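Coordinates from target_39.cif are shown below (mmCIF, C-alpha atoms).
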```
data_coords
loop_
_atom_site.label_atom_id
_atom_site.label_comp_id
_atom_site.auth_asym_id
_atom_site.auth_seq_id
_atom_site.Cartn_x
_atom_site.Cartn_y
_atom_site.Cartn_z
CA MET A 1 -74.93 -129.18 64.01
CA GLY A 2 -74.96 -127.59 60.59
CA LYS A 3 -72.00 -126.00 58.83
CA PHE A 4 -73.30 -122.46 59.44
CA SER A 5 -73.79 -123.13 63.17
CA LYS A 6 -70.21 -124.40 63.53
CA VAL A 7 -68.81 -121.29 61.79
CA ALA A 8 -70.98 -118.97 63.92
CA MET A 9 -69.92 -120.73 67.16
CA THR A 10 -66.24 -120.54 66.16
CA ALA A 11 -66.53 -116.82 65.35
CA MET A 12 -68.22 -116.09 68.69
CA LEU A 13 -65.57 -118.08 70.55
CA VAL A 14 -62.75 -116.20 68.80
CA LEU A 15 -64.37 -112.83 69.59
CA LEU A 16 -64.92 -113.70 73.25
CA VAL A 17 -61.43 -115.10 73.82
CA GLY A 18 -59.76 -112.40 71.68
CA GLY A 19 -61.40 -109.67 73.78
CA ALA A 20 -59.88 -111.13 76.97
CA VAL A 21 -56.29 -110.74 75.72
CA PRO A 22 -54.62 -107.66 77.26
CA THR A 23 -53.44 -104.98 74.86
CA THR A 24 -50.09 -103.20 74.96
CA ALA A 25 -49.72 -99.54 75.92
CA SER A 26 -50.51 -97.01 73.24
CA ALA A 27 -47.70 -94.75 72.01
CA ALA A 28 -50.06 -91.77 72.36
CA THR A 29 -50.47 -92.36 76.10
CA TRP A 30 -48.97 -89.80 78.45
CA HIS A 31 -47.03 -91.40 81.32
CA LYS A 32 -46.13 -89.70 84.63
CA GLY A 33 -42.52 -88.72 85.29
CA THR A 34 -39.60 -89.14 82.90
CA PRO A 35 -38.46 -92.16 80.87
CA LYS A 36 -35.81 -94.30 82.57
CA ALA A 37 -33.66 -94.14 79.43
CA LEU A 38 -33.14 -90.38 79.89
CA ARG A 39 -32.51 -90.20 83.64
CA GLY A 40 -29.14 -89.14 84.94
CA ASN A 41 -26.71 -86.23 85.09
CA TRP A 42 -25.73 -84.95 81.66
CA LYS A 43 -23.26 -82.18 80.86
CA ARG A 44 -22.10 -80.17 77.88
CA SER A 45 -18.91 -78.11 77.80
CA TYR A 46 -17.83 -75.45 75.34
CA ASN A 47 -15.44 -72.49 75.17
CA ASP A 48 -16.87 -68.98 75.47
CA ARG A 49 -14.34 -66.18 74.90
CA GLY A 50 -11.44 -68.28 76.10
CA SER A 51 -13.07 -69.80 79.19
CA LYS A 52 -14.66 -73.23 79.54
CA VAL A 53 -18.40 -73.22 80.28
CA THR A 54 -20.20 -76.37 81.45
CA ILE A 55 -23.99 -76.77 81.34
CA HIS A 56 -25.55 -79.44 83.58
CA PHE A 57 -28.82 -81.15 82.55
CA ARG A 58 -30.24 -83.30 85.37
CA ILE A 59 -33.14 -85.61 84.66
CA LYS A 60 -34.73 -87.24 87.71
CA SER A 61 -37.78 -89.47 87.93
CA LYS A 62 -40.21 -86.57 88.51
CA SER A 63 -38.27 -83.40 87.62
CA MET A 64 -35.58 -81.91 85.38
CA ASP A 65 -33.29 -78.91 85.66
CA ILE A 66 -30.65 -77.14 83.61
CA SER A 67 -27.97 -75.03 85.25
CA ARG A 68 -25.23 -72.91 83.71
CA PRO A 69 -22.85 -70.38 85.25
CA GLY A 70 -24.30 -66.87 85.51
CA TRP A 71 -27.86 -67.92 84.58
CA ALA A 72 -30.93 -68.72 86.66
CA VAL A 73 -31.66 -72.42 87.02
CA GLU A 74 -34.37 -73.65 84.64
CA SER A 75 -36.53 -76.39 86.11
CA TRP A 76 -39.49 -78.53 85.09
CA SER A 77 -41.86 -80.30 87.49
CA ASN A 78 -45.19 -82.18 87.30
CA LEU A 79 -43.81 -84.03 84.29
CA LYS A 80 -45.54 -86.31 81.81
CA TYR A 81 -43.99 -87.90 78.74
CA ARG A 82 -44.79 -89.92 75.66
CA LYS A 83 -42.59 -91.56 73.08
CA VAL A 84 -42.81 -89.92 69.65
CA GLY A 85 -40.03 -91.73 67.79
CA ALA A 86 -36.96 -93.90 68.14
CA GLY A 87 -35.23 -92.53 71.24
CA THR A 88 -37.31 -89.31 71.07
CA TYR A 89 -39.73 -88.27 73.81
CA LYS A 90 -42.10 -85.35 74.19
CA ILE A 91 -42.16 -84.09 77.77
CA LYS A 92 -44.57 -81.58 79.26
CA GLY A 93 -44.80 -80.02 82.67
CA THR A 94 -44.52 -76.82 84.66
CA TYR A 95 -41.51 -74.68 83.68
CA ARG A 96 -39.76 -72.27 86.05
CA ASN A 97 -36.83 -70.00 85.29
CA GLY A 98 -35.40 -68.52 88.47
CA GLY A 99 -37.81 -65.90 89.78
CA MET A 100 -40.14 -66.10 86.77
CA LEU A 101 -43.70 -67.16 87.26
CA ALA A 102 -44.49 -70.78 86.51
CA GLN A 103 -45.45 -71.60 82.94
CA LYS A 104 -47.78 -74.62 82.85
CA ASN A 105 -47.95 -77.14 80.01
CA SER A 106 -44.52 -76.23 78.72
CA HIS A 107 -43.41 -78.77 76.09
CA MET A 108 -39.99 -79.99 75.03
CA LYS A 109 -38.57 -82.84 72.98
CA VAL A 110 -35.67 -84.86 74.32
CA LYS A 111 -33.75 -87.18 72.04
CA LYS A 112 -31.32 -89.91 73.12
CA SER A 113 -28.78 -91.38 70.72
CA HIS A 114 -25.58 -93.34 71.44
CA SER A 115 -25.25 -92.46 75.17
CA LYS A 116 -25.93 -88.74 74.70
CA VAL A 117 -29.03 -86.56 74.83
CA THR A 118 -30.19 -83.30 73.28
CA TYR A 119 -33.34 -81.26 73.79
CA LYS A 120 -35.47 -78.73 71.98
CA ASN A 121 -38.01 -76.36 73.49
CA SER A 122 -41.31 -76.72 71.70
CA TRP A 123 -42.71 -73.26 72.38
CA SER A 124 -40.81 -71.85 69.41
CA LYS A 125 -40.54 -73.68 66.10
CA SER A 126 -37.48 -71.63 65.20
CA TYR A 127 -35.39 -73.35 67.90
CA SER A 128 -33.42 -76.41 66.93
CA TYR A 129 -31.83 -79.03 69.16
CA LEU A 130 -29.42 -77.33 71.56
CA GLY A 131 -26.23 -79.45 71.39
CA TRP A 132 -25.41 -82.88 72.76
CA PHE A 133 -25.03 -83.62 76.46
CA HIS A 134 -22.86 -86.52 77.68
CA LYS A 135 -22.85 -88.40 81.01
#
```

What would the structure in this file look like if it were written as structure tokens?
Amino acid sequence: MGKFSKVAMTAMLVLLVGGAVPTTASAATWHKGTPKALRGNWKRSYNDRGSKVTIHFRIKSKSMDISRPGWAVESWSNLKYRKVGAGTYKIKGTYRNGGMLAQKNSHMKVKKSHSKVTYKNSWSKSYSYLGWFHK
């Protein structure tokens, strides 16, 4: 076999074997549900005119909800997520606020850092992250 034939055979072998190796998941892929790193019951407390107010942020495998005293419960269902940075996830799904009609493809970003989470609604660029929630 000539030198050119050996190089051509080696290249074909590398291409065939290299194509059989499984690839890792793409960061741009949307996954169903919520990331395991975010799941749990989170809460945030603050003082409002002399009384303590506690907001609960519950993240389950397929849904999320936020409840605060005197407000309608906000909930998200039919969730999908993708990772957009270190500890930061973009989540989309159907948003409901009490008796409001459902709002499909509602987006939010949830960020986890040092055993606490924060979130930001993506439908308005003027909103910033809304405080840290702890377990």

Using the chain letters and numbers from the file, give me the residues hit by the PyMOL selection byres ((chain A and resi 96) around 12), as an mmCIF file with C-alpha atoms, in the coordinates of the input.
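File written: result-v1.cif
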```cif
data_model
loop_
_atom_site.group_PDB
_atom_site.id
_atom_site.type_symbol
_atom_site.label_atom_id
_atom_site.label_comp_id
_atom_site.auth_asym_id
_atom_site.auth_seq_id
_atom_site.Cartn_x
_atom_site.Cartn_y
_atom_site.Cartn_z
ATOM 1 C CA SER A 63 -38.270 -83.400 87.620
ATOM 2 C CA MET A 64 -35.580 -81.910 85.380
ATOM 3 C CA ASP A 65 -33.290 -78.910 85.660
ATOM 4 C CA ILE A 66 -30.650 -77.140 83.610
ATOM 5 C CA ALA A 72 -30.930 -68.720 86.660
ATOM 6 C CA VAL A 73 -31.660 -72.420 87.020
ATOM 7 C CA GLU A 74 -34.370 -73.650 84.640
ATOM 8 C CA SER A 75 -36.530 -76.390 86.110
ATOM 9 C CA TRP A 76 -39.490 -78.530 85.090
ATOM 10 C CA SER A 77 -41.860 -80.300 87.490
ATOM 11 C CA ASN A 78 -45.190 -82.180 87.300
ATOM 12 C CA GLY A 93 -44.800 -80.020 82.670
ATOM 13 C CA THR A 94 -44.520 -76.820 84.660
ATOM 14 C CA TYR A 95 -41.510 -74.680 83.680
ATOM 15 C CA ASN A 97 -36.830 -70.000 85.290
ATOM 16 C CA GLY A 98 -35.400 -68.520 88.470
ATOM 17 C CA GLY A 99 -37.810 -65.900 89.780
ATOM 18 C CA MET A 100 -40.140 -66.100 86.770
ATOM 19 C CA LEU A 101 -43.700 -67.160 87.260
ATOM 20 C CA ALA A 102 -44.490 -70.780 86.510
ATOM 21 C CA GLN A 103 -45.450 -71.600 82.940
ATOM 22 C CA LYS A 104 -47.780 -74.620 82.850
ATOM 23 C CA ASN A 105 -47.950 -77.140 80.010
ATOM 24 C CA SER A 106 -44.520 -76.230 78.720
#
```

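You will find atom CA of His56 of chain A at 10.4 Å from atom CA of Gly40 of chain A.
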
Spatial neighbours of Tyr129 of chain A, 7 Å, all atoms listed in the file, chain gap at least 2 places, as a short mmCIF file (atom, residue, chain, number, x, y, z; two decimals) with C-alpha atoms, in the frame of the given file:
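Output (part.cif):
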```
data_model
loop_
_atom_site.label_atom_id
_atom_site.label_comp_id
_atom_site.auth_asym_id
_atom_site.auth_seq_id
_atom_site.Cartn_x
_atom_site.Cartn_y
_atom_site.Cartn_z
CA THR A 118 -30.19 -83.30 73.28
CA TYR A 119 -33.34 -81.26 73.79
CA LYS A 120 -35.47 -78.73 71.98
CA TYR A 127 -35.39 -73.35 67.90
CA GLY A 131 -26.23 -79.45 71.39
#
```

For a test of reading the model, state the distance in Å between atom CA of Lys111 of chain A and atom CA of Lys135 of chain A, rounded to one decimal. 14.2 Å

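Between atom CA of His114 of chain A and atom CA of Trp42 of chain A the separation is 13.2 Å.
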
Determine the residue membership of the PyMOL selection byres ((chain A and resi 110) around 12) for the file above and supply it as a VMD selection string. chain A and resid 34 to 35 37 to 39 57 59 64 81 to 92 107 to 109 111 to 113 116 to 122 128 to 133

Based on the selection just made, write C-alpha atoms of those residues as an mmCIF file, in the coordinates of the input.
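Everything below was put into result08.cif:
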```
data_model
loop_
_atom_site.group_PDB
_atom_site.id
_atom_site.type_symbol
_atom_site.label_atom_id
_atom_site.label_comp_id
_atom_site.auth_asym_id
_atom_site.auth_seq_id
_atom_site.Cartn_x
_atom_site.Cartn_y
_atom_site.Cartn_z
ATOM 1 C CA THR A 34 -39.600 -89.140 82.900
ATOM 2 C CA PRO A 35 -38.460 -92.160 80.870
ATOM 3 C CA ALA A 37 -33.660 -94.140 79.430
ATOM 4 C CA LEU A 38 -33.140 -90.380 79.890
ATOM 5 C CA ARG A 39 -32.510 -90.200 83.640
ATOM 6 C CA PHE A 57 -28.820 -81.150 82.550
ATOM 7 C CA ILE A 59 -33.140 -85.610 84.660
ATOM 8 C CA MET A 64 -35.580 -81.910 85.380
ATOM 9 C CA TYR A 81 -43.990 -87.900 78.740
ATOM 10 C CA ARG A 82 -44.790 -89.920 75.660
ATOM 11 C CA LYS A 83 -42.590 -91.560 73.080
ATOM 12 C CA VAL A 84 -42.810 -89.920 69.650
ATOM 13 C CA GLY A 85 -40.030 -91.730 67.790
ATOM 14 C CA ALA A 86 -36.960 -93.900 68.140
ATOM 15 C CA GLY A 87 -35.230 -92.530 71.240
ATOM 16 C CA THR A 88 -37.310 -89.310 71.070
ATOM 17 C CA TYR A 89 -39.730 -88.270 73.810
ATOM 18 C CA LYS A 90 -42.100 -85.350 74.190
ATOM 19 C CA ILE A 91 -42.160 -84.090 77.770
ATOM 20 C CA LYS A 92 -44.570 -81.580 79.260
ATOM 21 C CA HIS A 107 -43.410 -78.770 76.090
ATOM 22 C CA MET A 108 -39.990 -79.990 75.030
ATOM 23 C CA LYS A 109 -38.570 -82.840 72.980
ATOM 24 C CA LYS A 111 -33.750 -87.180 72.040
ATOM 25 C CA LYS A 112 -31.320 -89.910 73.120
ATOM 26 C CA SER A 113 -28.780 -91.380 70.720
ATOM 27 C CA LYS A 116 -25.930 -88.740 74.700
ATOM 28 C CA VAL A 117 -29.030 -86.560 74.830
ATOM 29 C CA THR A 118 -30.190 -83.300 73.280
ATOM 30 C CA TYR A 119 -33.340 -81.260 73.790
ATOM 31 C CA LYS A 120 -35.470 -78.730 71.980
ATOM 32 C CA ASN A 121 -38.010 -76.360 73.490
ATOM 33 C CA SER A 122 -41.310 -76.720 71.700
ATOM 34 C CA SER A 128 -33.420 -76.410 66.930
ATOM 35 C CA TYR A 129 -31.830 -79.030 69.160
ATOM 36 C CA LEU A 130 -29.420 -77.330 71.560
ATOM 37 C CA GLY A 131 -26.230 -79.450 71.390
ATOM 38 C CA TRP A 132 -25.410 -82.880 72.760
ATOM 39 C CA PHE A 133 -25.030 -83.620 76.460
#
```

Using all atoms of segment 69-86 of chain A that appear in the file, construct an axis-aligned enclosing box with 6 Å of padding on every side and provide its centre coordinates and edge lengths in Å, rounded to one decimal, as lines of an AutoDock Vina configuration file.
```
center_x = -34.2
center_y = -80.4
center_z = 77.6
size_x = 34.7
size_y = 39.0
size_z = 31.7
```

Subset file as a PDB file, in the first residue's frame: segment 34-48 of chain A, all heavy atoms:
```
ATOM      1  N   THR A  34     -38.030  21.574  35.697  1.00  0.00           N
ATOM      2  CA  THR A  34     -37.148  22.556  36.326  1.00  0.00           C
ATOM      3  C   THR A  34     -35.828  21.882  36.686  1.00  0.00           C
ATOM      4  O   THR A  34     -35.799  20.670  36.920  1.00  0.00           O
ATOM      5  CB  THR A  34     -37.776  23.131  37.610  1.00  0.00           C
ATOM      6  OG1 THR A  34     -38.025  22.063  38.519  1.00  0.00           O
ATOM      7  CG2 THR A  34     -39.058  23.885  37.320  1.00  0.00           C
ATOM      8  N   PRO A  35     -34.744  22.625  36.774  1.00  0.00           N
ATOM      9  CA  PRO A  35     -33.468  22.021  37.152  1.00  0.00           C
ATOM     10  C   PRO A  35     -33.490  21.551  38.611  1.00  0.00           C
ATOM     11  O   PRO A  35     -34.062  22.205  39.473  1.00  0.00           O
ATOM     12  CB  PRO A  35     -32.449  23.149  36.977  1.00  0.00           C
ATOM     13  CG  PRO A  35     -33.182  24.330  36.518  1.00  0.00           C
ATOM     14  CD  PRO A  35     -34.628  24.021  36.431  1.00  0.00           C
ATOM     15  N   LYS A  36     -32.865  20.421  38.880  1.00  0.00           N
ATOM     16  CA  LYS A  36     -32.831  19.873  40.237  1.00  0.00           C
ATOM     17  C   LYS A  36     -32.164  20.833  41.211  1.00  0.00           C
ATOM     18  O   LYS A  36     -32.518  20.880  42.381  1.00  0.00           O
ATOM     19  CB  LYS A  36     -32.108  18.533  40.248  1.00  0.00           C
ATOM     20  CG  LYS A  36     -32.890  17.424  39.609  1.00  0.00           C
ATOM     21  CD  LYS A  36     -32.141  16.112  39.679  1.00  0.00           C
ATOM     22  CE  LYS A  36     -32.925  15.024  38.972  1.00  0.00           C
ATOM     23  NZ  LYS A  36     -32.199  13.749  38.980  1.00  0.00           N
ATOM     24  N   ALA A  37     -31.216  21.608  40.741  1.00  0.00           N
ATOM     25  CA  ALA A  37     -30.488  22.534  41.613  1.00  0.00           C
ATOM     26  C   ALA A  37     -31.395  23.610  42.203  1.00  0.00           C
ATOM     27  O   ALA A  37     -31.101  24.156  43.265  1.00  0.00           O
ATOM     28  CB  ALA A  37     -29.352  23.192  40.835  1.00  0.00           C
ATOM     29  N   LEU A  38     -32.510  23.917  41.550  1.00  0.00           N
ATOM     30  CA  LEU A  38     -33.396  24.987  42.009  1.00  0.00           C
ATOM     31  C   LEU A  38     -34.570  24.500  42.852  1.00  0.00           C
ATOM     32  O   LEU A  38     -35.212  25.291  43.529  1.00  0.00           O
ATOM     33  CB  LEU A  38     -33.953  25.757  40.811  1.00  0.00           C
ATOM     34  CG  LEU A  38     -32.960  26.446  39.898  1.00  0.00           C
ATOM     35  CD1 LEU A  38     -33.696  27.119  38.751  1.00  0.00           C
ATOM     36  CD2 LEU A  38     -32.123  27.445  40.658  1.00  0.00           C
ATOM     37  N   ARG A  39     -34.862  23.217  42.811  1.00  0.00           N
ATOM     38  CA  ARG A  39     -36.072  22.705  43.452  1.00  0.00           C
ATOM     39  C   ARG A  39     -36.034  22.861  44.968  1.00  0.00           C
ATOM     40  O   ARG A  39     -34.993  22.745  45.598  1.00  0.00           O
ATOM     41  CB  ARG A  39     -36.273  21.238  43.095  1.00  0.00           C
ATOM     42  CG  ARG A  39     -36.584  21.051  41.639  1.00  0.00           C
ATOM     43  CD  ARG A  39     -36.764  19.610  41.286  1.00  0.00           C
ATOM     44  NE  ARG A  39     -36.755  19.474  39.833  1.00  0.00           N
ATOM     45  CZ  ARG A  39     -36.590  18.335  39.208  1.00  0.00           C
ATOM     46  NH1 ARG A  39     -36.416  17.221  39.893  1.00  0.00           N
ATOM     47  NH2 ARG A  39     -36.577  18.302  37.900  1.00  0.00           N
ATOM     48  N   GLY A  40     -37.199  23.136  45.518  1.00  0.00           N
ATOM     49  CA  GLY A  40     -37.323  23.245  46.962  1.00  0.00           C
ATOM     50  C   GLY A  40     -38.253  24.372  47.349  1.00  0.00           C
ATOM     51  O   GLY A  40     -38.863  25.033  46.509  1.00  0.00           O
ATOM     52  N   ASN A  41     -38.366  24.595  48.653  1.00  0.00           N
ATOM     53  CA  ASN A  41     -39.182  25.680  49.195  1.00  0.00           C
ATOM     54  C   ASN A  41     -38.254  26.796  49.639  1.00  0.00           C
ATOM     55  O   ASN A  41     -37.426  26.607  50.537  1.00  0.00           O
ATOM     56  CB  ASN A  41     -40.017  25.181  50.383  1.00  0.00           C
ATOM     57  CG  ASN A  41     -41.049  24.168  49.961  1.00  0.00           C
ATOM     58  OD1 ASN A  41     -41.672  24.307  48.918  1.00  0.00           O
ATOM     59  ND2 ASN A  41     -41.227  23.144  50.756  1.00  0.00           N
ATOM     60  N   TRP A  42     -38.404  27.949  49.015  1.00  0.00           N
ATOM     61  CA  TRP A  42     -37.564  29.103  49.301  1.00  0.00           C
ATOM     62  C   TRP A  42     -38.434  30.189  49.912  1.00  0.00           C
ATOM     63  O   TRP A  42     -39.615  30.289  49.606  1.00  0.00           O
ATOM     64  CB  TRP A  42     -36.926  29.610  48.005  1.00  0.00           C
ATOM     65  CG  TRP A  42     -36.161  28.565  47.268  1.00  0.00           C
ATOM     66  CD1 TRP A  42     -36.651  27.701  46.333  1.00  0.00           C
ATOM     67  CD2 TRP A  42     -34.782  28.262  47.393  1.00  0.00           C
ATOM     68  NE1 TRP A  42     -35.653  26.885  45.869  1.00  0.00           N
ATOM     69  CE2 TRP A  42     -34.485  27.203  46.505  1.00  0.00           C
ATOM     70  CE3 TRP A  42     -33.751  28.779  48.177  1.00  0.00           C
ATOM     71  CZ2 TRP A  42     -33.224  26.668  46.384  1.00  0.00           C
ATOM     72  CZ3 TRP A  42     -32.477  28.236  48.042  1.00  0.00           C
ATOM     73  CH2 TRP A  42     -32.226  27.193  47.168  1.00  0.00           C
ATOM     74  N   LYS A  43     -37.861  31.010  50.782  1.00  0.00           N
ATOM     75  CA  LYS A  43     -38.647  32.096  51.367  1.00  0.00           C
ATOM     76  C   LYS A  43     -37.788  33.338  51.535  1.00  0.00           C
ATOM     77  O   LYS A  43     -36.563  33.277  51.628  1.00  0.00           O
ATOM     78  CB  LYS A  43     -39.259  31.684  52.700  1.00  0.00           C
ATOM     79  CG  LYS A  43     -38.276  31.359  53.781  1.00  0.00           C
ATOM     80  CD  LYS A  43     -38.996  30.909  55.024  1.00  0.00           C
ATOM     81  CE  LYS A  43     -37.991  30.494  56.089  1.00  0.00           C
ATOM     82  NZ  LYS A  43     -38.655  30.061  57.297  1.00  0.00           N
ATOM     83  N   ARG A  44     -38.478  34.456  51.554  1.00  0.00           N
ATOM     84  CA  ARG A  44     -37.838  35.763  51.724  1.00  0.00           C
ATOM     85  C   ARG A  44     -38.704  36.565  52.682  1.00  0.00           C
ATOM     86  O   ARG A  44     -39.919  36.671  52.484  1.00  0.00           O
ATOM     87  CB  ARG A  44     -37.732  36.464  50.375  1.00  0.00           C
ATOM     88  CG  ARG A  44     -37.176  37.851  50.451  1.00  0.00           C
ATOM     89  CD  ARG A  44     -37.018  38.432  49.048  1.00  0.00           C
ATOM     90  NE  ARG A  44     -36.529  39.775  49.171  1.00  0.00           N
ATOM     91  CZ  ARG A  44     -37.183  40.853  48.786  1.00  0.00           C
ATOM     92  NH1 ARG A  44     -38.359  40.740  48.218  1.00  0.00           N
ATOM     93  NH2 ARG A  44     -36.663  42.037  48.939  1.00  0.00           N
ATOM     94  N   SER A  45     -38.108  37.115  53.715  1.00  0.00           N
ATOM     95  CA  SER A  45     -38.846  37.911  54.692  1.00  0.00           C
ATOM     96  C   SER A  45     -38.319  39.335  54.710  1.00  0.00           C
ATOM     97  O   SER A  45     -37.123  39.568  54.546  1.00  0.00           O
ATOM     98  CB  SER A  45     -38.708  37.302  56.092  1.00  0.00           C
ATOM     99  OG  SER A  45     -39.281  36.023  56.136  1.00  0.00           O
ATOM    100  N   TYR A  46     -39.235  40.274  54.908  1.00  0.00           N
ATOM    101  CA  TYR A  46     -38.862  41.682  55.036  1.00  0.00           C
ATOM    102  C   TYR A  46     -39.922  42.389  55.882  1.00  0.00           C
ATOM    103  O   TYR A  46     -40.998  41.852  56.121  1.00  0.00           O
ATOM    104  CB  TYR A  46     -38.714  42.346  53.667  1.00  0.00           C
ATOM    105  CG  TYR A  46     -39.970  42.371  52.843  1.00  0.00           C
ATOM    106  CD1 TYR A  46     -40.820  43.470  52.862  1.00  0.00           C
ATOM    107  CD2 TYR A  46     -40.300  41.304  52.002  1.00  0.00           C
ATOM    108  CE1 TYR A  46     -41.977  43.492  52.108  1.00  0.00           C
ATOM    109  CE2 TYR A  46     -41.452  41.323  51.254  1.00  0.00           C
ATOM    110  CZ  TYR A  46     -42.282  42.415  51.308  1.00  0.00           C
ATOM    111  OH  TYR A  46     -43.430  42.439  50.555  1.00  0.00           O
ATOM    112  N   ASN A  47     -39.600  43.570  56.355  1.00  0.00           N
ATOM    113  CA  ASN A  47     -40.540  44.365  57.152  1.00  0.00           C
ATOM    114  C   ASN A  47     -41.243  45.373  56.259  1.00  0.00           C
ATOM    115  O   ASN A  47     -40.606  46.078  55.486  1.00  0.00           O
ATOM    116  CB  ASN A  47     -39.807  45.098  58.281  1.00  0.00           C
ATOM    117  CG  ASN A  47     -39.389  44.144  59.368  1.00  0.00           C
ATOM    118  OD1 ASN A  47     -40.132  43.237  59.705  1.00  0.00           O
ATOM    119  ND2 ASN A  47     -38.201  44.331  59.907  1.00  0.00           N
ATOM    120  N   ASP A  48     -42.573  45.415  56.383  1.00  0.00           N
ATOM    121  CA  ASP A  48     -43.385  46.362  55.634  1.00  0.00           C
ATOM    122  C   ASP A  48     -44.251  47.119  56.629  1.00  0.00           C
ATOM    123  O   ASP A  48     -45.181  46.542  57.196  1.00  0.00           O
ATOM    124  CB  ASP A  48     -44.238  45.625  54.602  1.00  0.00           C
ATOM    125  CG  ASP A  48     -45.042  46.573  53.744  1.00  0.00           C
ATOM    126  OD1 ASP A  48     -44.642  47.749  53.603  1.00  0.00           O
ATOM    127  OD2 ASP A  48     -46.074  46.135  53.203  1.00  0.00           O
TER     128      ASP A  48
END
```
